[in-house]
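Working notes, structure below.
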Amino acid sequence: MTRIASERIAPLNDRAVKPRDYVLYWMQQSQRPAWNDALDFAAERANKLRQPLLVAFGLTDDYPDANARHYRFMLQGLRETQAALETRGIRMVVQRGSPERVALDLARHASLVVCDRGYLRHQRQWRDAVADGAGVQVVEVEADAVVPVEVASDKLESAARTLRPKIERQLDRFLVKPRAVSLRKDSLHLQPPGIDLGDVDAALASLKIDRTVPPSPLFTGGPLQAEKLLRRFITRKLPRYDAHRNQPQTDDVSYMSMYLHFGQISPVRVALAVRGAEAGDNSAAFLEELIVRRELAFNFVWHCPQYDTFDCLPAWAKATLQQHQRDKRPHRYSPAQLDAAATHDPYWNAAMNEMKHTGYMHNHMRMYWGKKILEWSRTPQQAYAAALALNNRYFLDGRDPASYANVAWLFGMHDRPWPQRPIFGTVRSMTASGLKRKCDIEAYVAKVNRLTASLTTHPAGTSRS
DNA sequence: ATCGGCTCGCGCAA
DNA sequence: TGCGCGAAGCCGAT
């Protein structure tokens with residue numbers, strides 16, 4: 001029987017399993033062929049029902065806030081996942097259309113539908129629509145959190161410190177390596193129509209999507225690349241992680257966030273690998289971010305319906321920011337000026353350029369970057385919208401629960417009050433002098449300048465790896 | 001270089 | 001009810 005923790009598995013409707021043509025795994029979040037509990041669960045059910053397993057992904061042109069940068073990274077991963085599943089005798093089809101329509105269409109011939117999990121508004125709506133519209137049982141399997149959100153906590157947590165002990169006491173149960181499931185029945189004879197991903201750029205060109213942001217010239221999507229970067233992180237960077245995680249001039253970060261965002265790597269796999277490296281405080285510091293902070297973000301978007309607006313903030317933060325709404329702003333920039341990285345602040349401009357040209361920004365600079373948007377916008381509400389829009393537009397890991405929590409943190413979420421300052425009130429501020437004091441910020445600026453210069457010389461498309 | 005003060009609310013001990 | 005303390009804060013005093 002299954003070794004998947006029962007709390008990962010939840011029927012979304014009370015319909016029966018029916019004797020039809022295949023078990024359908026509607027893959028939408030967990031876009032990977034291994035360390036995928038949703039896939040494994042579907043495979044086990046298919047074996048038990050003596051049916052083939054069909055995997056399907058719904059590729060919509062209208063994914064909220066997505067552009068060519070996100071789509072290419074995702075298609076690179078889907079192509080690889082499709083090929084990997086085929087070698088195991090599993091047909092995976094990528095169909096053009098709104099995900100819930102694609103799933104419902106293929107569900108008409110399915111005995112059972114298995115899906116993975118997403119916490120954002122639209123992801124929940126898609127799953128509700130499939131649970132409602134499918135004529136058979138729909139079962140959701142959580143494969144992208146270490147501790148399923150409602151197991152960790154039944155309420156909106158106010159800070160990491162309140163969630164941390166709840167997560168930690170569940171780790172033994174949920175940090176386990178899955179057992180590979182082999183399929184009794186091949187499904188390669190199933191030939192539903194689908195997009196040919198053989199040429200990712202051709203597939204990309206066929207989509208009607210926002211192309212105003214080009215693909216990242218630096219980062220390649222896919223589970224194999226995620227594994228490669230994970231191994232590189234553990235051998236070369238983890239030994240300095242604790243000391244360097246707030247040092248943006250270094251490269252001692254994992255780059256896992258974008259792969260986690262697209263489900264191209266399992267957080268359980270990453271956690272076990274890092275824990276197994278036995279790097280002491282370094283492992284602990286990384287696991288805090290990977291598990292506690294990331295799953296605090298899941299808790300946030302799950303329990304707070306207004307997760308993408310100023311209204312989600314705790315009462316003290318909203319009150320203090322509103323009290324300082326009329327404070328004089330010595331510097332004021334419009335969203336367009338921010339987007340152009342054309343401010344008076346060379347540190348901020350460097351961060352904006354890193355984000356814009358690579359699809360990534362060092363963690364420490366994300367805080368400074370966002371705090372300055374609050375300081376330089378006409379109102380905190382406008383700052384909130386501007387920070388979130390830029391975040392979701394340029395980051396490969398944008399549009400993730402972690403993005404919404406990170407932006408909210410800039411405005412006081414999951415934080416505590418600090419001394420009164422103009423504009424910020426008691427919300428934590430950050431300053432250029434702080435950057436100078438704590439890290440080699442000039443080296444960071446130089447690093448970004450080198451990077452953007454080399455990317456201009458060797459433009460997009462010639463990605464590394 | 002290091003330290004204290006600033007400031008609020010949660011959770012736990014009493 | 002009181003108390004300690006918290007994602008990476010800042011600033012001025014020593």
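Chain identifiers are assigned as A, B, and so on, following the order in which chains appear in the structure tokens; residues are numbered from 1 within each chain, and ligands are numbered from 1 in order of appearance.
Residues in contact with DC5 of chain C at 12 Å, where only C-alpha atoms (C1' of nucleotides) are counted and same-chain residues fewer than 3 positions away are skipped, are listed as Ala159, Arg161, Thr162 and Arg416 of chain A; DC8, DG9, DC10, DG11 and DC12 of chain B.
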task: Enumerate as a ChimeraX atom specification the residues belonging to chain A that approach chain B to within 10 Å, with only C-alpha atoms (C1' of nucleotides) taken into account.
output: /A:157-159,161-162,316-317,415-420,426-427
Based on the selection just made, write N, CA and C atoms of those residues as an mmCIF file, in the first residue's frame.
```
data_model
loop_
_atom_site.group_PDB
_atom_site.id
_atom_site.type_symbol
_atom_site.label_atom_id
_atom_site.label_comp_id
_atom_site.auth_asym_id
_atom_site.auth_seq_id
_atom_site.Cartn_x
_atom_site.Cartn_y
_atom_site.Cartn_z
ATOM 1 N N GLU A 157 -1.300 32.460 10.761
ATOM 2 C CA GLU A 157 -0.225 32.651 11.735
ATOM 3 C C GLU A 157 0.301 34.076 11.637
ATOM 4 N N SER A 158 0.654 34.641 12.778
ATOM 5 C CA SER A 158 1.062 36.041 12.774
ATOM 6 C C SER A 158 2.538 36.211 12.478
ATOM 7 N N ALA A 159 3.319 35.154 12.668
ATOM 8 C CA ALA A 159 4.766 35.298 12.456
ATOM 9 C C ALA A 159 5.401 33.919 12.335
ATOM 10 N N ARG A 161 7.632 32.697 14.161
ATOM 11 C CA ARG A 161 7.861 32.053 15.457
ATOM 12 C C ARG A 161 6.647 31.264 15.954
ATOM 13 N N THR A 162 5.443 31.630 15.499
ATOM 14 C CA THR A 162 4.268 30.869 15.933
ATOM 15 C C THR A 162 4.060 29.617 15.080
ATOM 16 N N TRP A 316 -2.041 46.881 13.030
ATOM 17 C CA TRP A 316 -1.060 47.887 13.460
ATOM 18 C C TRP A 316 -0.288 48.451 12.272
ATOM 19 N N ALA A 317 -0.027 47.606 11.276
ATOM 20 C CA ALA A 317 0.755 48.044 10.115
ATOM 21 C C ALA A 317 -0.077 48.968 9.230
ATOM 22 N N ASP A 415 5.927 40.567 10.748
ATOM 23 C CA ASP A 415 7.013 41.314 11.373
ATOM 24 C C ASP A 415 6.457 42.006 12.612
ATOM 25 N N ARG A 416 7.307 42.742 13.275
ATOM 26 C CA ARG A 416 6.894 43.456 14.473
ATOM 27 C C ARG A 416 7.146 44.948 14.295
ATOM 28 N N PRO A 417 6.574 45.756 15.138
ATOM 29 C CA PRO A 417 6.798 47.194 15.021
ATOM 30 C C PRO A 417 8.229 47.556 15.384
ATOM 31 N N TRP A 418 8.681 48.655 14.781
ATOM 32 C CA TRP A 418 10.008 49.192 15.050
ATOM 33 C C TRP A 418 9.856 50.682 15.331
ATOM 34 N N PRO A 419 10.911 51.368 15.678
ATOM 35 C CA PRO A 419 10.751 52.781 16.029
ATOM 36 C C PRO A 419 10.149 53.620 14.901
ATOM 37 N N GLN A 420 9.438 54.638 15.323
ATOM 38 C CA GLN A 420 8.804 55.558 14.387
ATOM 39 C C GLN A 420 9.816 56.183 13.432
ATOM 40 N N THR A 426 5.831 52.710 12.146
ATOM 41 C CA THR A 426 6.585 51.717 12.916
ATOM 42 C C THR A 426 6.905 50.467 12.100
ATOM 43 N N VAL A 427 6.641 50.516 10.806
ATOM 44 C CA VAL A 427 7.060 49.405 9.938
ATOM 45 C C VAL A 427 8.580 49.469 9.761
#
```
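Computed from the coordinates, the atom CA of Trp126 of chain A to atom CA of Ser98 of chain A distance equals 8.7 Å.
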Select all residues from chain C having any atom no more than 9 Å from an atom of chain A (counting only C-alpha atoms (C1' of nucleotides), ignoring ligands), output as a short mmCIF file (atom, residue, chain, number, x, y, z; two decimals) with N, CA and C atoms (P, O5', C5', C4', C3', O3' and C1' of nucleotides), in the first residue's frame.
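As a result, selection.cif now contains:
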```cif
data_model
loop_
_atom_site.label_atom_id
_atom_site.label_comp_id
_atom_site.auth_asym_id
_atom_site.auth_seq_id
_atom_site.Cartn_x
_atom_site.Cartn_y
_atom_site.Cartn_z
P DG C 6 13.75 35.93 19.84
"O5'" DG C 6 13.07 35.85 18.40
"C5'" DG C 6 11.87 35.11 18.23
"C4'" DG C 6 10.89 35.89 17.39
"C3'" DG C 6 11.52 36.57 16.18
"O3'" DG C 6 10.59 36.50 15.10
"C1'" DG C 6 10.45 38.19 17.49
P DA C 7 10.98 35.54 13.93
"O5'" DA C 7 11.50 36.56 12.82
"C5'" DA C 7 12.30 35.97 11.91
"C4'" DA C 7 13.42 36.85 11.49
"C3'" DA C 7 13.11 38.35 11.52
"O3'" DA C 7 14.23 38.95 12.13
"C1'" DA C 7 13.49 37.60 9.26
P DA C 8 15.23 40.07 12.05
"O5'" DA C 8 16.43 39.39 11.28
"C5'" DA C 8 17.74 39.71 11.66
"C4'" DA C 8 18.47 40.30 10.48
"C3'" DA C 8 17.95 41.69 10.07
"O3'" DA C 8 19.06 42.44 9.63
"C1'" DA C 8 17.74 40.26 8.26
P DG C 9 19.44 43.88 9.93
"O5'" DG C 9 18.38 44.77 9.10
"C5'" DG C 9 17.06 44.84 9.43
"C4'" DG C 9 16.53 46.27 9.46
"C3'" DG C 9 17.54 47.34 9.89
"O3'" DG C 9 18.03 48.00 8.74
"C1'" DG C 9 15.66 47.41 11.33
P DC C 10 19.21 49.07 8.87
"O5'" DC C 10 18.59 50.24 9.77
"C5'" DC C 10 17.60 51.12 9.27
"C4'" DC C 10 17.43 52.26 10.24
"C3'" DC C 10 18.70 53.10 10.41
"O3'" DC C 10 18.39 54.48 10.28
"C1'" DC C 10 18.00 52.25 12.53
#
```
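Interatomic distance, atom CA of Gly89 of chain A against atom CA of Leu229 of chain A: 27.8 Å.
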- prompt: Which neighbours of Leu390 of chain A fall inside 9 Å, counting only C-alpha atoms (C1' of nucleotides), when residues of the same chain fewer than 5 positions from it are skipped, and could you give them as a ChimeraX atom specification?
  reply: /A:335,338-339,355-356,385,395,398
Go ahead and dump the residues you just picked, N, CA and C atoms, as a compact mmCIF listing (two decimals), in the first residue's frame.
```
# COMPACT_ATOMS: atom_id res chain seq x y z
N PRO A 335 5.64 54.08 -11.17
CA PRO A 335 5.95 52.70 -11.55
C PRO A 335 6.85 52.62 -12.79
N LEU A 338 10.41 53.36 -11.83
CA LEU A 338 10.97 52.21 -11.11
C LEU A 338 11.36 51.13 -12.11
N ASP A 339 10.43 50.82 -13.00
CA ASP A 339 10.66 49.79 -14.01
C ASP A 339 11.92 50.08 -14.82
N MET A 355 16.98 42.00 -11.40
CA MET A 355 15.65 41.41 -11.54
C MET A 355 15.17 41.42 -12.98
N LYS A 356 15.35 42.54 -13.61
CA LYS A 356 14.80 42.73 -14.94
C LYS A 356 15.53 41.87 -15.98
N ALA A 385 0.95 47.92 -4.71
CA ALA A 385 0.61 47.48 -6.07
C ALA A 385 1.84 47.49 -6.98
N PHE A 395 10.24 38.35 -11.94
CA PHE A 395 10.86 37.19 -11.27
C PHE A 395 10.37 35.87 -11.84
N GLY A 398 8.22 34.63 -9.30
CA GLY A 398 7.10 35.49 -8.95
C GLY A 398 5.78 34.74 -9.06
```
task: DSSP on the backbone, then: every residue of segment 344-439 of chain A marked helix (DSSP H, G or I), written as a PyMOL selection string.
output: chain A and resi 346-358+363-376+380-394+401-410+432-438
- request: Mind checking which residues fall within 10 Å of Thr235 of chain A, counting only C-alpha atoms (C1' of nucleotides), ignoring those fewer than 5 positions away in the same chain, and posting them as a count of residues only?
  value: 4
message: Give me the residues near Lys318 of chain A as a ChimeraX atom specification, where near means some atom within 10 Å (using only C-alpha atoms (C1' of nucleotides)) and where sequence neighbours in that chain fewer than 6 positions away do not count.
response: /A:310-312,380-381,411-413,425,427
Keeping only C-alpha atoms, write those residues as an mmCIF file, in the first residue's frame.
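The result, written out as out18.cif:
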```cif
data_model
loop_
_atom_site.group_PDB
_atom_site.id
_atom_site.type_symbol
_atom_site.label_atom_id
_atom_site.label_comp_id
_atom_site.auth_asym_id
_atom_site.auth_seq_id
_atom_site.Cartn_x
_atom_site.Cartn_y
_atom_site.Cartn_z
ATOM 1 C CA PHE A 310 -2.709 46.304 1.185
ATOM 2 C CA ASP A 311 -5.858 45.170 3.025
ATOM 3 C CA CYS A 312 -4.230 41.889 4.044
ATOM 4 C CA PRO A 380 1.527 52.804 0.705
ATOM 5 C CA GLN A 381 -1.333 51.329 -1.311
ATOM 6 C CA PHE A 411 4.643 46.437 4.702
ATOM 7 C CA GLY A 412 4.772 44.748 8.120
ATOM 8 C CA MET A 413 3.238 41.305 7.640
ATOM 9 C CA GLY A 425 5.678 54.718 10.814
ATOM 10 C CA VAL A 427 7.060 49.405 9.938
#
```
task: Would you please give, as a PyMOL selection string, all residues of segment 127-211 of chain A that DSSP assigns to strand (DSSP E or B) based on the backbone?
output: chain A and resi 138-141+210
How would the residues just chosen look if you wrote them out with N, CA and C atoms as a tab-separated table (two decimals), in the first residue's frame?
```
chain	number	residue	atom	x	y	z
A	138	VAL	N	-12.64	12.91	-7.67
A	138	VAL	CA	-11.45	13.74	-7.85
A	138	VAL	C	-10.72	13.76	-6.51
A	139	VAL	N	-9.44	13.37	-6.55
A	139	VAL	CA	-8.64	13.31	-5.33
A	139	VAL	C	-7.45	14.25	-5.48
A	140	GLU	N	-7.26	15.10	-4.49
A	140	GLU	CA	-6.14	16.05	-4.50
A	140	GLU	C	-5.02	15.52	-3.60
A	141	VAL	N	-3.79	15.59	-4.10
A	141	VAL	CA	-2.64	15.14	-3.32
A	141	VAL	C	-1.64	16.29	-3.20
A	210	ASP	N	1.92	37.41	-23.41
A	210	ASP	CA	2.66	38.65	-23.23
A	210	ASP	C	4.15	38.37	-23.50
```
